[in-house]
Amino acid sequence: MENSKLSTVEQREAFFLALYKKAFPGFARYVARMGGSLEEAQDIFQDTLVIYYEKVASARAEIIVNEKAYLLGIAKRLWLQHYKATSKNEPLNDFDMVVVPDEQPATGKLLHYLETAGKKCMELLKAYYYDHLPVGDVATLFGYSGTHSVTVAKYKCLEKVRETVKQKSLNYADFIE
Amino acid sequence: MNNIKVIDDYLLGNIDPGDKLLFDANMLLNNDLKDDISHQQKTYAIIRQYGRQKIKCEIIAVQQLLNNAPQHRGFVQRIANLFKKQ
């Protein structure tokens with residue numbers, strides 16, 4: 001999957017919709033057989049799609065041959081983690097799968113601040129560092145005249161957010177790696 | 001733009017081996033640089049969390065679209081039936 005095909009909200013909507021159609025029925029059947037609820041299946045499948053999106057958007061994305069099998073693999077592992085944690089209160093460290101974590105309170109406060117005070121910058125930085133979009137796409141999406149001006153804007157935003165992080169003096173332990 | 005770009009290149013691995021060596025040496029001698037690197041790492045972590053929140057919201061919106069749009073009613077009903085048989 002080329003990242004340029006996932007540049008806009010509309011493209012990502014079509015991407016996620018296709019993944020739901022392709023893999024959710026199989027996963028829902030599995031959860032139902034295991035005694036879980038529809039809500040649990042939906043919650044876990046949402047986290048599965050976040051993990052899958054990060055995988056395909058990654059700067060070093062590998063080619064995934066069987067998308068459906070890959071999604072089911074992630075979803076089943078997340079389900080087993082969830083099942084163990086909720087049924088026996090066992091720790092979550094049995095699997096090496098990266099779970100999409102809940103935010104920590106300190107990070108949540110800072111995120112909230114940045115969402116309101118610096119939303120445009122956060123959106124620009126997300127496009128670069130999280131979505132890994134091609135620089136030309138980022139320029140078009142954010143209305144810059146070219147790659148040079150959007151790159152300068154990126155560094156200015158990075159500096160602004162770094163300064164905010166510095167001022168808030170958060171410890172690295174407050175952040176989820 | 002002070003050291004933002006050079007730290008960005010360093011942390012993302014976009015730096016020549018020779019420049020990396022020089023940067024590592026600077027880091028040992030310069031506590032301010034070390035602090036800036038630490039804050040920049042935190043900044044990337046914040047951006048990742050922001051990205052995750054946003055993408056999760058988009059996924060939830062797709063889930064709601066599936067649940068509510070008439071053209072997906074058959075699909076949603078088939079899924080719901082799996083759980084009624086329990």
# chains A, B, ... in the order shown; residues from 1 in each chain; ligands from 1
>>> interface_residues(of="chain A", to="chain B", cutoff="7 Å", atoms="only C-alpha atoms", output="CSV table (one decimal) with N, CA, C and O atoms, in the first residue's frame")
chain,number,residue,atom,x,y,z
A,13,GLU,N,-11.1,6.3,4.8
A,13,GLU,CA,-12.5,5.7,5.0
A,13,GLU,C,-12.7,4.5,4.1
A,13,GLU,O,-13.2,3.4,4.6
A,16,PHE,N,-10.5,1.6,5.3
A,16,PHE,CA,-11.0,0.9,6.5
A,16,PHE,C,-12.3,0.1,6.3
A,16,PHE,O,-12.5,-1.0,6.8
A,17,LEU,N,-13.1,0.7,5.5
A,17,LEU,CA,-14.4,0.1,5.1
A,17,LEU,C,-14.1,-1.3,4.4
A,17,LEU,O,-14.8,-2.3,4.8
A,25,PRO,N,-16.1,-10.1,9.6
A,25,PRO,CA,-17.0,-11.2,9.8
A,25,PRO,C,-16.3,-12.5,10.4
A,25,PRO,O,-16.8,-13.1,11.3
A,28,ALA,N,-15.5,-11.7,14.0
A,28,ALA,CA,-16.7,-11.7,14.8
A,28,ALA,C,-17.2,-13.1,15.1
A,28,ALA,O,-17.6,-13.5,16.2
A,29,ARG,N,-17.1,-14.0,14.1
A,29,ARG,CA,-17.5,-15.4,14.2
A,29,ARG,C,-16.6,-16.1,15.3
A,29,ARG,O,-17.1,-16.8,16.2
A,32,ALA,N,-17.6,-14.7,18.8
A,32,ALA,CA,-18.9,-15.3,19.2
A,32,ALA,C,-18.7,-16.7,19.7
A,32,ALA,O,-19.2,-17.1,20.7
A,37,SER,N,-18.8,-10.7,23.2
A,37,SER,CA,-19.9,-9.9,22.7
A,37,SER,C,-19.5,-9.2,21.5
A,37,SER,O,-18.4,-9.1,21.1
A,38,LEU,N,-20.6,-8.7,20.8
A,38,LEU,CA,-20.4,-7.9,19.6
A,38,LEU,C,-19.6,-6.7,19.9
A,38,LEU,O,-18.7,-6.3,19.1
A,46,GLN,N,-11.3,-2.5,16.2
A,46,GLN,CA,-10.8,-1.1,16.0
A,46,GLN,C,-9.3,-1.0,16.3
A,46,GLN,O,-8.5,-0.3,15.6
A,50,VAL,N,-6.0,0.0,13.9
A,50,VAL,CA,-4.9,1.0,14.2
A,50,VAL,C,-3.6,0.4,14.0
A,50,VAL,O,-2.7,1.0,13.4
A,111,LEU,N,-1.7,16.7,25.3
A,111,LEU,CA,-2.3,16.5,24.0
A,111,LEU,C,-3.5,17.4,23.9
A,111,LEU,O,-3.8,18.0,22.8
A,122,MET,N,-0.1,20.2,14.8
A,122,MET,CA,-0.2,18.8,15.1
A,122,MET,C,-0.7,18.0,13.9
A,122,MET,O,-0.2,16.9,13.7
A,125,LEU,N,2.3,17.7,11.6
A,125,LEU,CA,3.3,16.8,12.1
A,125,LEU,C,2.8,15.3,12.1
A,125,LEU,O,3.6,14.4,11.8
A,126,LYS,N,1.5,15.2,12.3
A,126,LYS,CA,1.0,13.8,12.1
A,126,LYS,C,1.1,13.3,10.7
A,126,LYS,O,1.5,12.1,10.5
A,130,TYR,N,3.5,10.4,11.6
A,130,TYR,CA,2.6,9.2,11.9
A,130,TYR,C,2.1,8.6,10.6
A,130,TYR,O,2.2,7.4,10.4
A,155,TYR,N,9.5,22.0,10.4
A,155,TYR,CA,10.5,22.2,11.4
A,155,TYR,C,10.0,23.3,12.4
A,155,TYR,O,10.3,23.2,13.6
A,159,GLU,N,9.5,22.6,16.3
A,159,GLU,CA,10.2,23.4,17.3
A,159,GLU,C,9.2,24.0,18.3
A,159,GLU,O,9.4,24.0,19.6
A,161,VAL,N,6.2,22.7,19.2
A,161,VAL,CA,5.7,21.6,20.0
A,161,VAL,C,6.8,21.2,21.0
A,161,VAL,O,6.5,21.0,22.2
A,162,ARG,N,8.0,21.1,20.5
A,162,ARG,CA,9.1,20.7,21.5
A,162,ARG,C,9.3,21.8,22.6
A,162,ARG,O,9.5,21.4,23.7
A,165,VAL,N,6.6,21.1,25.1
A,165,VAL,CA,6.9,19.9,25.9
A,165,VAL,C,7.9,20.3,26.9
A,165,VAL,O,7.8,19.9,28.1
A,166,LYS,N,8.9,21.1,26.5
A,166,LYS,CA,9.9,21.5,27.4
A,166,LYS,C,9.4,22.3,28.6
A,166,LYS,O,9.7,22.1,29.8
A,172,TYR,N,9.9,11.6,30.7
A,172,TYR,CA,9.7,10.6,29.6
A,172,TYR,C,8.9,9.5,30.0
A,172,TYR,O,8.2,8.9,29.2
A,175,PHE,N,5.2,9.2,29.0
A,175,PHE,CA,4.9,8.9,27.6
A,175,PHE,C,4.9,7.4,27.4
A,175,PHE,O,5.7,6.7,27.9
A,177,GLU,N,5.8,4.4,25.1
A,177,GLU,CA,6.8,4.2,24.0
A,177,GLU,C,6.1,3.2,23.0
A,177,GLU,O,5.3,2.4,23.4
>>> residues_around(residues="segment 118-121 of chain A", least_positions_apart="5", cutoff="9 Å", atoms="only C-alpha atoms", output="number ranges by chain")
A: 113, 126, 142, 153-154, 156-158, 160-161
>>> closest_residue(among="B:Asn30, B:Gly74, B:Phe23, B:Asn68", to="Ile7 of chain B", atoms="only C-alpha atoms")
B:Phe23
>>> residues_around(residues="Tyr52 of chain A", least_positions_apart="2", cutoff="10 Å", atoms="only C-alpha atoms", output="list in words")
Leu19, Gln46, Asp47, Thr48, Leu49, Val50, Glu54, Lys55, Val56, Ala57, Ser58, Glu67, Tyr70, Leu71, Ile74 and Ala75 of chain A
>>> select_by_dssp(residues="chain A", states="alpha helix (DSSP H)", output="VMD selection string")
chain A and resid 9 to 33 38 to 57 67 to 88 105 to 117 119 to 125 135 to 141 147 to 168
>>> atom_distance(atom1="atom CA of Gly36 of chain A", atom2="atom CA of Pro70 of chain B")
26.2 Å
>>> closest_residue(among="A:Ala127, A:Leu80, A:Leu114, A:Val152", to="Val9 of chain A", atoms="only C-alpha atoms")
A:Ala127
>>> residues_around(residues="Asp19 of chain B", least_positions_apart="5", cutoff="10 Å", atoms="only C-alpha atoms", output="ChimeraX atom specification")
/B:6,10,24-25
>>> write_last_selection(atoms="N, CA and C atoms", output="PDB file, in the first residue's frame")
ATOM      1  N   VAL B   6      18.866  18.991  12.727  1.00  0.00           N
ATOM      2  CA  VAL B   6      19.965  18.027  12.918  1.00  0.00           C
ATOM      3  C   VAL B   6      19.556  16.925  13.909  1.00  0.00           C
ATOM      4  N   TYR B  10      19.224  12.977  13.159  1.00  0.00           N
ATOM      5  CA  TYR B  10      19.931  12.041  14.043  1.00  0.00           C
ATOM      6  C   TYR B  10      18.968  10.976  14.593  1.00  0.00           C
ATOM      7  N   ASP B  24      27.452  12.420  18.325  1.00  0.00           N
ATOM      8  CA  ASP B  24      27.557  11.674  19.588  1.00  0.00           C
ATOM      9  C   ASP B  24      28.548  12.362  20.534  1.00  0.00           C
ATOM     10  N   ALA B  25      29.669  12.844  19.957  1.00  0.00           N
ATOM     11  CA  ALA B  25      30.689  13.525  20.769  1.00  0.00           C
ATOM     12  C   ALA B  25      30.122  14.825  21.339  1.00  0.00           C
TER      13      ALA B  25
END
>>> residues_around(residues="Leu72 of chain A", least_positions_apart="5", cutoff="9 Å", atoms="only C-alpha atoms", output="VMD selection string")
chain A and resid 23 to 24 26 to 27 48 67 77
>>> atom_distance(atom1="atom CA of Ile63 of chain A", atom2="atom CA of Arg12 of chain A")
18.4 Å
>>> atom_distance(atom1="atom CA of Trp79 of chain A", atom2="atom CA of Glu39 of chain A")
12.1 Å
